[in-house]
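*Asks:* CSV, C-alpha atoms, file work14.csv:
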chain,number,residue,atom,x,y,z
A,1,MET,CA,-16.0,24.0,-58.7
A,2,ARG,CA,-15.7,25.0,-55.1
A,3,LYS,CA,-19.3,26.2,-55.1
A,4,VAL,CA,-20.5,22.9,-56.5
A,5,LEU,CA,-18.6,21.0,-53.8
A,6,ASN,CA,-20.0,23.2,-51.1
A,7,CYS,CA,-23.5,22.7,-52.5
A,8,ILE,CA,-23.0,18.9,-52.5
A,9,SER,CA,-21.7,19.0,-48.9
A,10,ALA,CA,-24.7,21.1,-47.8
A,11,LEU,CA,-27.1,18.7,-49.4
A,12,LEU,CA,-25.4,15.7,-47.8
A,13,VAL,CA,-25.6,17.3,-44.4
A,14,ALA,CA,-29.2,18.1,-44.9
A,15,PHE,CA,-29.9,14.6,-46.1
A,16,MET,CA,-28.2,13.1,-43.0
A,17,ALA,CA,-30.1,15.4,-40.8
A,18,VAL,CA,-33.3,14.1,-42.2
A,19,SER,CA,-32.4,10.5,-42.7
A,20,ILE,CA,-30.6,9.6,-39.4
A,21,PRO,CA,-33.6,10.3,-37.1
A,22,ALA,CA,-35.9,8.4,-39.5
A,23,LEU,CA,-33.6,5.4,-39.4
A,24,THR,CA,-33.3,5.6,-35.6
A,25,SER,CA,-37.1,5.8,-35.3
A,26,GLU,CA,-37.6,2.8,-37.7
A,27,ALA,CA,-35.0,0.7,-35.8
A,28,ALA,CA,-37.1,1.2,-32.6
A,29,VAL,CA,-40.2,-0.3,-34.1
A,30,LEU,CA,-40.8,-3.8,-32.6
A,31,ARG,CA,-42.0,-6.1,-35.4
A,32,ILE,CA,-44.5,-8.5,-33.7
A,33,GLY,CA,-45.5,-11.8,-35.3
A,34,ILE,CA,-49.0,-13.0,-34.7
A,35,HIS,CA,-50.2,-16.5,-35.4
A,36,ARG,CA,-53.5,-16.7,-37.3
A,37,GLN,CA,-54.7,-19.6,-35.1
A,38,ALA,CA,-55.8,-19.3,-31.5
A,39,PHE,CA,-52.1,-19.2,-30.3
A,40,GLY,CA,-52.1,-15.6,-31.5
A,41,SER,CA,-55.2,-14.5,-29.7
A,42,MET,CA,-53.3,-13.0,-26.8
A,43,ASP,CA,-51.4,-10.8,-29.2
A,44,VAL,CA,-54.6,-9.8,-30.9
A,45,VAL,CA,-56.3,-8.8,-27.6
A,46,ALA,CA,-53.2,-7.0,-26.4
A,47,TRP,CA,-53.2,-5.0,-29.7
A,48,LYS,CA,-56.9,-4.3,-29.8
A,49,LYS,CA,-57.1,-3.4,-26.0
A,50,GLY,CA,-54.4,-0.9,-26.5
A,51,TYR,CA,-51.8,-2.7,-24.3
A,52,PHE,CA,-49.2,-2.4,-27.0
A,53,ASP,CA,-49.9,1.3,-27.4
A,54,GLU,CA,-49.6,1.9,-23.7
A,55,LEU,CA,-46.5,-0.2,-23.1
A,56,LEU,CA,-44.6,0.1,-26.4
A,57,GLY,CA,-45.9,3.4,-27.8
A,58,LYS,CA,-48.3,3.4,-30.7
A,59,ASP,CA,-45.6,4.3,-33.2
A,60,ASN,CA,-43.0,1.9,-31.9
A,61,TYR,CA,-44.5,-1.5,-33.0
A,62,SER,CA,-46.0,-3.2,-36.0
A,63,VAL,CA,-48.0,-6.4,-36.3
A,64,HIS,CA,-47.6,-9.1,-38.9
A,65,PHE,CA,-49.7,-12.2,-39.3
A,66,PHE,CA,-48.5,-15.7,-40.1
A,67,SER,CA,-50.3,-18.9,-40.9
A,68,GLN,CA,-47.7,-21.1,-39.3
A,69,GLY,CA,-45.3,-20.8,-36.4
A,70,LYS,CA,-42.3,-22.1,-38.3
A,71,LEU,CA,-42.8,-19.3,-40.8
A,72,MET,CA,-42.3,-16.8,-38.0
A,73,ASN,CA,-39.2,-18.9,-37.0
A,74,GLN,CA,-37.8,-18.4,-40.5
A,75,ALA,CA,-38.7,-14.7,-40.6
A,76,MET,CA,-36.9,-14.1,-37.4
A,77,LEU,CA,-33.8,-16.1,-38.6
A,78,SER,CA,-33.7,-13.9,-41.7
A,79,GLY,CA,-33.9,-10.7,-39.5
A,80,SER,CA,-37.3,-9.5,-40.7
A,81,LEU,CA,-39.2,-10.2,-37.4
A,82,ASP,CA,-38.5,-9.4,-33.8
A,83,THR,CA,-41.0,-11.4,-31.7
A,84,GLY,CA,-43.3,-14.3,-32.5
A,85,THR,CA,-44.3,-17.8,-31.6
A,86,THR,CA,-43.1,-21.2,-33.0
A,87,GLY,CA,-43.4,-24.8,-32.2
A,88,PHE,CA,-40.9,-26.7,-30.0
A,89,VAL,CA,-39.6,-28.7,-33.1
A,90,PRO,CA,-38.8,-25.8,-35.4
A,91,TRP,CA,-37.1,-24.0,-32.5
A,92,THR,CA,-35.1,-27.1,-31.6
A,93,ILE,CA,-34.0,-27.6,-35.2
A,94,ALA,CA,-33.0,-23.9,-35.6
A,95,THR,CA,-31.1,-23.9,-32.3
A,96,ALA,CA,-29.3,-27.1,-33.0
A,97,LYS,CA,-28.1,-25.8,-36.3
A,98,GLY,CA,-26.8,-22.6,-34.8
A,99,GLY,CA,-29.8,-20.4,-35.7
A,100,LYS,CA,-30.1,-17.4,-33.3
A,101,LEU,CA,-33.5,-17.4,-31.6
A,102,VAL,CA,-34.4,-16.7,-28.0
A,103,GLY,CA,-37.1,-18.7,-26.4
A,104,PHE,CA,-38.6,-17.1,-23.3
A,105,ALA,CA,-42.1,-18.5,-22.6
A,106,ALA,CA,-44.7,-21.0,-23.5
A,107,THR,CA,-47.3,-19.2,-25.6
A,108,ALA,CA,-50.1,-21.8,-25.1
A,109,HIS,CA,-50.4,-25.5,-24.8
A,110,LEU,CA,-50.5,-27.1,-28.3
A,111,CYS,CA,-52.2,-30.4,-27.6
A,112,SER,CA,-55.6,-29.0,-26.6
A,113,LEU,CA,-55.8,-26.9,-29.8
A,114,THR,CA,-55.0,-29.6,-32.3
A,115,ARG,CA,-57.1,-32.2,-34.0
A,116,LEU,CA,-57.1,-34.8,-36.7
A,117,MET,CA,-60.2,-34.3,-38.9
A,118,VAL,CA,-61.8,-36.1,-41.8
A,119,ALA,CA,-64.7,-35.3,-44.1
A,120,PRO,CA,-68.1,-36.0,-42.5
A,121,ASP,CA,-68.8,-38.9,-44.9
A,122,SER,CA,-65.2,-40.3,-44.7
A,123,PRO,CA,-65.0,-44.1,-44.1
A,124,LEU,CA,-62.2,-43.5,-41.7
A,125,LYS,CA,-63.2,-44.1,-38.1
A,126,ARG,CA,-59.9,-44.7,-36.2
A,127,VAL,CA,-56.3,-43.7,-36.5
A,128,GLU,CA,-55.6,-47.3,-37.6
A,129,ASP,CA,-57.7,-46.6,-40.7
A,130,MET,CA,-55.1,-44.0,-41.9
A,131,LYS,CA,-52.8,-46.7,-43.2
A,132,GLY,CA,-52.1,-45.8,-46.9
A,133,LYS,CA,-54.0,-42.5,-46.6
A,134,SER,CA,-52.9,-38.9,-47.0
A,135,LEU,CA,-52.6,-36.3,-44.3
A,136,ALA,CA,-52.3,-32.5,-44.8
A,137,THR,CA,-50.0,-31.0,-42.2
A,138,ALA,CA,-46.8,-29.0,-41.9
A,139,LYS,CA,-43.6,-31.0,-42.2
A,140,GLY,CA,-41.2,-30.2,-39.3
A,141,ALA,CA,-44.0,-28.7,-37.1
A,142,SER,CA,-44.4,-29.7,-33.5
A,143,ASP,CA,-47.9,-31.1,-33.9
A,144,THR,CA,-46.8,-33.1,-36.8
A,145,PHE,CA,-43.9,-34.4,-34.6
A,146,THR,CA,-46.5,-35.5,-32.0
A,147,PHE,CA,-48.5,-37.3,-34.7
A,148,GLU,CA,-45.5,-39.1,-36.1
A,149,HIS,CA,-43.8,-40.0,-32.8
A,150,PHE,CA,-46.7,-40.6,-30.4
A,151,ILE,CA,-50.0,-41.0,-32.1
A,152,LEU,CA,-49.1,-43.3,-34.9
A,153,PRO,CA,-47.1,-45.7,-32.7
A,154,ALA,CA,-49.9,-45.8,-30.2
A,155,HIS,CA,-52.1,-47.2,-32.9
A,156,GLY,CA,-49.6,-49.6,-34.4
A,157,LEU,CA,-48.6,-47.5,-37.3
A,158,SER,CA,-45.4,-45.7,-38.4
A,159,VAL,CA,-44.7,-42.6,-40.4
A,160,ASN,CA,-44.2,-44.8,-43.5
A,161,ASP,CA,-47.8,-45.9,-43.3
A,162,VAL,CA,-49.1,-42.4,-44.1
A,163,ARG,CA,-48.5,-40.0,-47.0
A,164,ILE,CA,-47.7,-36.5,-45.6
A,165,ILE,CA,-48.8,-33.6,-47.8
A,166,ASN,CA,-46.9,-30.4,-46.7
A,167,SER,CA,-49.3,-27.5,-46.2
A,168,THR,CA,-50.1,-24.4,-44.1
A,169,ASN,CA,-53.0,-24.2,-41.6
A,170,THR,CA,-55.1,-22.1,-44.0
A,171,GLU,CA,-54.7,-24.5,-46.9
A,172,ARG,CA,-55.8,-27.7,-45.2
A,173,LEU,CA,-59.5,-27.4,-44.8
A,174,PRO,CA,-60.0,-26.4,-48.5
A,175,MET,CA,-57.8,-29.4,-49.4
A,176,LEU,CA,-60.1,-31.7,-47.4
A,177,ARG,CA,-63.3,-30.2,-48.9
A,178,ALA,CA,-61.8,-30.6,-52.4
A,179,ARG,CA,-61.1,-34.3,-51.5
A,180,ASN,CA,-57.4,-33.8,-52.2
A,181,VAL,CA,-56.4,-35.4,-48.9
A,182,ASP,CA,-58.0,-37.9,-46.6
A,183,VAL,CA,-57.2,-36.3,-43.2
A,184,ILE,CA,-56.0,-32.9,-42.0
A,185,LEU,CA,-54.2,-31.9,-38.9
A,186,ILE,CA,-55.8,-28.6,-37.9
A,187,ASN,CA,-55.6,-26.1,-35.1
A,188,GLU,CA,-58.2,-23.9,-33.3
A,189,PRO,CA,-60.3,-22.0,-34.1
A,190,THR,CA,-60.3,-23.4,-37.7
A,191,ALA,CA,-61.1,-26.9,-36.3
A,192,THR,CA,-64.2,-25.8,-34.4
A,193,ILE,CA,-65.3,-23.6,-37.4
A,194,ALA,CA,-65.0,-26.7,-39.7
A,195,GLU,CA,-67.0,-28.8,-37.3
A,196,ALA,CA,-69.7,-26.2,-36.8
A,197,GLN,CA,-70.1,-25.7,-40.5
A,198,GLY,CA,-70.3,-29.4,-41.2
A,199,TYR,CA,-67.1,-29.5,-43.2
A,200,ALA,CA,-65.2,-32.0,-41.1
A,201,ARG,CA,-65.5,-34.3,-38.1
A,202,ASN,CA,-63.0,-35.5,-35.5
A,203,LEU,CA,-60.8,-38.5,-35.9
A,204,VAL,CA,-58.7,-37.4,-32.9
A,205,ALA,CA,-60.4,-34.7,-30.8
A,206,ASP,CA,-57.2,-33.4,-29.2
A,207,PHE,CA,-53.5,-34.5,-28.7
A,208,CYS,CA,-53.2,-34.1,-24.9
A,209,LYS,CA,-53.5,-37.9,-24.4
A,210,TYR,CA,-50.3,-38.3,-26.4
A,211,ASP,CA,-48.2,-35.2,-25.7
A,212,VAL,CA,-48.1,-32.0,-23.7
A,213,SER,CA,-45.9,-29.8,-25.9
A,214,ALA,CA,-46.6,-26.0,-26.2
A,215,MET,CA,-45.9,-23.3,-28.6
A,216,MET,CA,-42.9,-21.2,-27.7
A,217,SER,CA,-42.7,-17.4,-27.5
A,218,ILE,CA,-39.5,-16.3,-29.2
A,219,ALA,CA,-37.5,-13.1,-29.9
A,220,HIS,CA,-34.6,-12.1,-32.0
A,221,PRO,CA,-31.4,-12.2,-29.8
A,222,LYS,CA,-30.1,-8.9,-31.2
A,223,VAL,CA,-33.3,-7.2,-30.1
A,224,VAL,CA,-33.2,-8.8,-26.7
A,225,GLU,CA,-29.6,-7.6,-26.3
A,226,GLU,CA,-30.0,-4.1,-27.6
A,227,ARG,CA,-33.6,-3.3,-26.7
A,228,ARG,CA,-34.3,-5.6,-23.8
A,229,GLN,CA,-36.7,-3.2,-22.0
A,230,GLN,CA,-38.8,-3.0,-25.2
A,231,VAL,CA,-39.1,-6.8,-25.3
A,232,VAL,CA,-40.0,-6.9,-21.6
A,233,ASN,CA,-42.7,-4.3,-22.2
A,234,TYR,CA,-44.1,-6.4,-25.1
A,235,VAL,CA,-44.2,-9.5,-22.7
A,236,ARG,CA,-46.0,-7.3,-20.1
A,237,ALA,CA,-48.6,-6.4,-22.7
A,238,TRP,CA,-49.0,-10.1,-23.7
A,239,LEU,CA,-49.3,-11.2,-20.0
A,240,ARG,CA,-52.0,-8.5,-19.5
A,241,ALA,CA,-54.0,-10.0,-22.3
A,242,ALA,CA,-53.5,-13.5,-20.8
A,243,GLU,CA,-54.9,-12.2,-17.5
A,244,TYR,CA,-57.8,-10.6,-19.4
A,245,PHE,CA,-58.5,-14.1,-20.8
A,246,ARG,CA,-58.8,-15.4,-17.2
A,247,THR,CA,-60.9,-12.5,-15.8
A,248,ASN,CA,-62.9,-11.3,-18.8
A,249,PHE,CA,-63.3,-14.3,-21.0
A,250,ASP,CA,-66.6,-13.2,-22.7
A,251,ASP,CA,-65.1,-9.9,-23.7
A,252,TYR,CA,-61.9,-11.6,-24.8
A,253,VAL,CA,-64.0,-13.8,-27.1
A,254,LYS,CA,-65.8,-10.8,-28.5
A,255,ILE,CA,-62.5,-9.0,-29.3
A,256,TYR,CA,-61.0,-12.0,-31.0
A,257,HIS,CA,-64.2,-12.7,-32.9
A,258,ALA,CA,-64.4,-9.2,-34.2
A,259,HIS,CA,-60.8,-9.5,-35.3
A,260,GLU,CA,-61.5,-12.8,-37.1
A,261,ILE,CA,-64.4,-11.2,-39.0
A,262,SER,CA,-62.2,-8.3,-40.0
A,263,MET,CA,-59.7,-10.9,-41.4
A,264,GLY,CA,-62.4,-12.4,-43.6
A,265,VAL,CA,-63.1,-15.5,-41.4
A,266,LYS,CA,-66.8,-16.5,-41.6
A,267,VAL,CA,-67.5,-17.6,-38.0
A,268,ASP,CA,-70.2,-16.8,-35.4
A,269,LEU,CA,-69.5,-15.6,-31.9
A,270,GLU,CA,-70.5,-18.9,-30.2
A,271,THR,CA,-68.2,-21.0,-32.4
A,272,THR,CA,-65.3,-18.6,-31.5
A,273,ARG,CA,-66.2,-19.0,-27.8
A,274,GLU,CA,-66.1,-22.8,-28.1
A,275,ALA,CA,-62.7,-22.7,-29.8
A,276,LEU,CA,-61.2,-20.4,-27.2
A,277,LYS,CA,-62.4,-22.5,-24.4
A,278,LYS,CA,-59.7,-25.0,-25.4
A,279,LEU,CA,-57.0,-22.4,-24.9
A,280,ILE,CA,-54.6,-23.3,-22.1
A,281,ILE,CA,-52.3,-20.3,-21.2
A,282,ALA,CA,-49.4,-21.2,-18.8
A,283,PRO,CA,-46.4,-19.0,-19.8
A,284,GLU,CA,-43.6,-20.7,-17.8
A,285,LEU,CA,-41.3,-23.0,-19.6
A,286,THR,CA,-41.4,-25.6,-16.8
A,287,PRO,CA,-38.8,-28.3,-16.0
A,288,GLU,CA,-41.1,-30.8,-17.5
A,289,MET,CA,-41.3,-28.8,-20.8
A,290,LEU,CA,-37.5,-28.5,-20.9
A,291,LYS,CA,-37.2,-32.3,-20.4
A,292,HIS,CA,-39.7,-32.8,-23.2
A,293,LEU,CA,-37.6,-30.4,-25.4
A,294,GLU,CA,-34.5,-32.6,-24.7
A,295,GLY,CA,-36.5,-35.6,-25.7
A,296,VAL,CA,-37.5,-34.0,-28.9
A,297,ALA,CA,-33.9,-33.0,-29.7
A,298,LYS,CA,-32.6,-36.5,-29.1
A,299,ALA,CA,-35.3,-38.0,-31.4
A,300,LEU,CA,-34.4,-35.4,-34.1
A,301,LYS,CA,-30.7,-36.2,-33.8
A,302,GLU,CA,-31.3,-40.0,-34.0
A,303,GLU,CA,-33.3,-39.3,-37.2
A,304,GLY,CA,-30.4,-37.3,-38.6
A,305,GLN,CA,-32.5,-34.0,-38.8
A,306,ILE,CA,-30.1,-32.1,-36.4
A,307,PRO,CA,-26.3,-32.5,-35.9
A,308,ARG,CA,-26.4,-32.2,-32.1
A,309,VAL,CA,-28.6,-31.9,-29.0
A,310,PRO,CA,-28.7,-28.3,-27.6
A,311,ASP,CA,-27.6,-27.9,-24.0
A,312,LEU,CA,-30.9,-27.0,-22.3
A,313,GLY,CA,-29.9,-28.3,-18.9
A,314,THR,CA,-26.7,-26.4,-17.9
A,315,LYS,CA,-26.4,-23.6,-20.4
A,316,ARG,CA,-30.1,-23.1,-21.2
A,317,GLU,CA,-29.0,-22.7,-24.8
A,318,GLY,CA,-31.3,-20.5,-26.9
A,319,LEU,CA,-33.4,-19.6,-23.8
A,320,ASP,CA,-33.8,-16.5,-21.7
A,321,LEU,CA,-36.2,-17.4,-18.9
A,322,LYS,CA,-35.4,-14.2,-17.0
A,323,LEU,CA,-37.4,-12.2,-19.6
A,324,LEU,CA,-40.7,-13.5,-18.3
A,325,GLU,CA,-39.6,-12.9,-14.7
A,326,GLU,CA,-38.7,-9.3,-15.5
A,327,ALA,CA,-42.1,-8.8,-17.2
A,328,LYS,CA,-44.0,-10.0,-14.2
A,329,LYS,CA,-42.3,-7.5,-11.9
A,330,PRO,CA,-44.3,-4.3,-11.1
A,331,MET,CA,-43.3,-1.3,-13.3
Show the structure stored in the file as structure tokens.

*Replies:*
Amino acid sequence: MRKVLNCISALLVAFMAVSIPALTSEAAVLRIGIHRQAFGSMDVVAWKKGYFDELLGKDNYSVHFFSQGKLMNQAMLSGSLDTGTTGFVPWTIATAKGGKLVGFAATAHLCSLTRLMVAPDSPLKRVEDMKGKSLATAKGASDTFTFEHFILPAHGLSVNDVRIINSTNTERLPMLRARNVDVILINEPTATIAEAQGYARNLVADFCKYDVSAMMSIAHPKVVEERRQQVVNYVRAWLRAAEYFRTNFDDYVKIYHAHEISMGVKVDLETTREALKKLIIAPELTPEMLKHLEGVAKALKEEGQIPRVPDLGTKREGLDLKLLEEAKKPM
């Protein structure tokens, strides 16, 4: 019996010796969420240019693609994702309800990358014509919030005048082509691809006339607390890709185009170029953006979607603006 126990003890020691380093190594892997639309192009370029390899270590990160920002939001809340991007509205809803997310930068402006589109032969010519019609979009998304709270009222309509069909970015164009909906809310580069291939035309060419919201870069608070330097290095890689966008736009386009082709997207280089021209990268969460966030929160509270308005003024609740500052410092 003693020999059996000794054997078991030896096996347990051996198992622990093998398992503990493996678990430690796995825990150090930064799980990076990448948006399938143009908001995620900086992550793609940082990945393909080797910036993640250089600043994180090639074995210390993994990339995961999402068709919507709010899906990254949910993945992070569940503990299955470490960094990503989401809209102002999903972030506000999560934060107000006690969800633990850390917003640290503006990924990209949302308004210039968003359109309302209809079929080429659609009788709809103006937003006013949408009364009684169906729209494919994501319920609870920031661009949907803009549509409901700014665009519809500007044209004498309310949310009750339009039938919202909840859907992901990748589902909407097929829904329009199948004539299952009248209008789609769509982001770049899918919007430019749809236009170039003759599948859709603009009803509203961009949202900047109505709103100036952005996508928000977010991280899991536990990762920020326990592996802050790793998150800072991720942001450094991301900022390096943003700089590449400004200084080497043509090559940036080629890298993203090659990635899109590898993901099964049928698009030519020039269409990708036209889509990425609309990308506005300005990472700082400015006072104007924070004021806009407060306005979003107040509207959501009035509608009963959230129990309270997060304290963005004094406490900067759910935010860590120093992460971006640290990432900008020389290494």

*Asks:* Looking at only C-alpha atoms, which of A:Leu321, A:Val181, A:Leu56, A:Met289 is the one that sits closest to Phe104 (chain A)?

*Replies:*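 Comparing A:Leu321, A:Val181, A:Leu56, A:Met289 against Phe104 (chain A), the winner is A:Leu321.
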
*Asks:* Work out how far CA of Val45 (chain A) is from CA of Leu101 (chain A), in Å to one decimal.

*Replies:*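 Atom-to-atom, CA of Leu101 (chain A) to CA of Val45 (chain A), that is 24.7 Å.
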
*Asks:* Which is closest to Arg236 (chain A) among A:Ile218, A:Leu323, A:Gln37, A:His155, if we use all atoms listed in the file?

*Replies:*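 Between A:Ile218, A:Leu323, A:Gln37, A:His155, the residue approaching Arg236 (chain A) most closely is A:Leu323.
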
*Asks:* Please provide as a ChimeraX atom specification all residues within 6 Å of region 122-137 of chain A, with the sequence filter that same-chain residues fewer than 3 positions apart are discarded (counting only C-alpha atoms).

*Replies:* /A:119,155,161-167,172,181-185

*Asks:* Which neighbours of Asp211 (chain A) fall inside 9 Å, counting all atoms listed in the file, when residues of the same chain fewer than 3 positions from it are skipped, and could you give them as a VMD selection string?

*Replies:* chain A and resid 110 to 111 146 150 to 151 207 to 208

*Asks:* Counting only C-alpha atoms, which residue out of A:Val253, A:Ala38, A:Ala94, A:Ala46 sits closest to Asn169 (chain A)?

*Replies:* A:Ala38

*Asks:* Show me the residues around (-55.9, -3.9, -32.6) - criterion: an atom at most 12 Å away, all atoms listed in the file counted - as a ChimeraX atom specification.

*Replies:* /A:34,41-53,58,61-64,255-256,258-260,262-263

*Asks:* Report the distance between CA of Pro307 (chain A) and CA of Lys100 (chain A) in Å, rounded to one decimal place.

*Replies:*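 Separation of CA of Pro307 (chain A) and CA of Lys100 (chain A): 15.8 Å.
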
*Asks:* Which distance in Å separates CA of Ile306 (chain A) and CA of Ala138 (chain A), to one decimal?

*Replies:* 17.9 Å

*Asks:* Out of A:His149, A:Arg308, A:Arg36, A:Lys322, which residue has the shortest atom-to-atom distance to Lys97 (chain A) when counting all atoms listed in the file?

*Replies:*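 Checking each candidate against Lys97 (chain A), we get A:Arg308 as the closest.
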
*Asks:* Using only C-alpha atoms, which of the listed residues (A:Ala237, A:Leu77, A:Ala106, A:Ile93) sits closest to Lys301 (chain A)?

*Replies:*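 The closest residue to Lys301 (chain A) is A:Ile93.
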
*Asks:* Restricting the calculation to only C-alpha atoms, which member of A:Asn202, A:Ser213, A:Gln230, A:Asn180 is positioned closest to Ala108 (chain A)?

*Replies:*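 Going through A:Asn202, A:Ser213, A:Gln230, A:Asn180 one by one, the smallest distance to Ala108 (chain A) is for A:Ser213.
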
*Asks:* Give me the residues near Gly318 (chain A) as number ranges by chain, where near means some atom within 9 Å (using all atoms listed in the file) and where sequence neighbours in that chain fewer than 6 positions away do not count.

*Replies:* A: 91-92, 95, 99-104, 221, 310-312

*Asks:* Could you give me, as a list in words, the residues within 7 Å of region 189-195 of chain A, counting all atoms listed in the file and dropping anything in the same chain fewer than 5 positions from it?

*Replies:*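 Contacts, with the query itself left out: Gln37, Ala38, Ala200, Arg201, Val267, Thr271, Thr272 and Ala275 of chain A.
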
*Asks:* Would you fill out region 86-110 of chain A with N, CA and C atoms and return it as an mmCIF file, keeping the file's coordinate frame?

*Replies:*
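Final output, result-v1.cif:
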data_model
loop_
_atom_site.group_PDB
_atom_site.id
_atom_site.type_symbol
_atom_site.label_atom_id
_atom_site.label_comp_id
_atom_site.auth_asym_id
_atom_site.auth_seq_id
_atom_site.Cartn_x
_atom_site.Cartn_y
_atom_site.Cartn_z
ATOM 1 N N THR A 86 -43.445 -20.026 -32.112
ATOM 2 C CA THR A 86 -43.100 -21.200 -33.000
ATOM 3 C C THR A 86 -43.282 -22.435 -32.165
ATOM 4 N N GLY A 87 -43.265 -23.553 -32.844
ATOM 5 C CA GLY A 87 -43.400 -24.800 -32.200
ATOM 6 C C GLY A 87 -42.033 -25.269 -31.582
ATOM 7 N N PHE A 88 -42.081 -26.210 -30.651
ATOM 8 C CA PHE A 88 -40.900 -26.700 -30.000
ATOM 9 C C PHE A 88 -39.922 -27.339 -31.090
ATOM 10 N N VAL A 89 -40.481 -28.025 -32.069
ATOM 11 C CA VAL A 89 -39.600 -28.700 -33.100
ATOM 12 C C VAL A 89 -38.889 -27.722 -33.957
ATOM 13 N N PRO A 90 -39.567 -26.741 -34.587
ATOM 14 C CA PRO A 90 -38.800 -25.800 -35.400
ATOM 15 C C PRO A 90 -37.765 -25.016 -34.591
ATOM 16 N N TRP A 91 -38.107 -24.670 -33.339
ATOM 17 C CA TRP A 91 -37.100 -24.000 -32.500
ATOM 18 C C TRP A 91 -35.922 -24.860 -32.228
ATOM 19 N N THR A 92 -36.153 -26.124 -31.926
ATOM 20 C CA THR A 92 -35.100 -27.100 -31.600
ATOM 21 C C THR A 92 -34.168 -27.254 -32.850
ATOM 22 N N ILE A 93 -34.770 -27.407 -34.018
ATOM 23 C CA ILE A 93 -34.000 -27.600 -35.200
ATOM 24 C C ILE A 93 -33.122 -26.372 -35.507
ATOM 25 N N ALA A 94 -33.717 -25.181 -35.382
ATOM 26 C CA ALA A 94 -33.000 -23.900 -35.600
ATOM 27 C C ALA A 94 -31.817 -23.796 -34.627
ATOM 28 N N THR A 95 -32.099 -24.040 -33.346
ATOM 29 C CA THR A 95 -31.100 -23.900 -32.300
ATOM 30 C C THR A 95 -29.946 -24.878 -32.478
ATOM 31 N N ALA A 96 -30.287 -26.113 -32.795
ATOM 32 C CA ALA A 96 -29.300 -27.100 -33.000
ATOM 33 C C ALA A 96 -28.350 -26.853 -34.150
ATOM 34 N N LYS A 97 -28.883 -26.145 -35.149
ATOM 35 C CA LYS A 97 -28.100 -25.800 -36.300
ATOM 36 C C LYS A 97 -27.415 -24.463 -36.243
ATOM 37 N N GLY A 98 -27.487 -23.849 -35.050
ATOM 38 C CA GLY A 98 -26.800 -22.600 -34.800
ATOM 39 C C GLY A 98 -27.611 -21.357 -35.145
ATOM 40 N N GLY A 99 -28.889 -21.525 -35.439
ATOM 41 C CA GLY A 99 -29.800 -20.400 -35.700
ATOM 42 C C GLY A 99 -29.977 -19.602 -34.394
ATOM 43 N N LYS A 100 -30.033 -18.295 -34.512
ATOM 44 C CA LYS A 100 -30.100 -17.400 -33.300
ATOM 45 C C LYS A 100 -31.565 -17.050 -33.036
ATOM 46 N N LEU A 101 -32.151 -17.741 -32.066
ATOM 47 C CA LEU A 101 -33.500 -17.400 -31.600
ATOM 48 C C LEU A 101 -33.438 -17.467 -30.049
ATOM 49 N N VAL A 102 -34.284 -16.675 -29.419
ATOM 50 C CA VAL A 102 -34.400 -16.700 -28.000
ATOM 51 C C VAL A 102 -35.769 -17.105 -27.553
ATOM 52 N N GLY A 103 -35.876 -18.283 -26.942
ATOM 53 C CA GLY A 103 -37.100 -18.700 -26.400
ATOM 54 C C GLY A 103 -37.295 -18.235 -24.970
ATOM 55 N N PHE A 104 -38.460 -17.659 -24.643
ATOM 56 C CA PHE A 104 -38.600 -17.100 -23.300
ATOM 57 C C PHE A 104 -39.877 -17.463 -22.578
ATOM 58 N N ALA A 105 -40.832 -18.100 -23.256
ATOM 59 C CA ALA A 105 -42.100 -18.500 -22.600
ATOM 60 C C ALA A 105 -42.827 -19.497 -23.415
ATOM 61 N N ALA A 106 -43.802 -20.121 -22.776
ATOM 62 C CA ALA A 106 -44.700 -21.000 -23.500
ATOM 63 C C ALA A 106 -45.941 -20.188 -23.879
ATOM 64 N N THR A 107 -46.171 -20.038 -25.172
ATOM 65 C CA THR A 107 -47.300 -19.200 -25.600
ATOM 66 C C THR A 107 -48.618 -19.797 -25.186
ATOM 67 N N ALA A 108 -48.844 -21.059 -25.493
ATOM 68 C CA ALA A 108 -50.100 -21.800 -25.100
ATOM 69 C C ALA A 108 -49.808 -23.255 -25.339
ATOM 70 N N HIS A 109 -50.539 -24.082 -24.610
ATOM 71 C CA HIS A 109 -50.400 -25.500 -24.800
ATOM 72 C C HIS A 109 -50.895 -25.853 -26.247
ATOM 73 N N LEU A 110 -50.168 -26.735 -26.887
ATOM 74 C CA LEU A 110 -50.500 -27.100 -28.300
ATOM 75 C C LEU A 110 -51.493 -28.220 -28.365
#
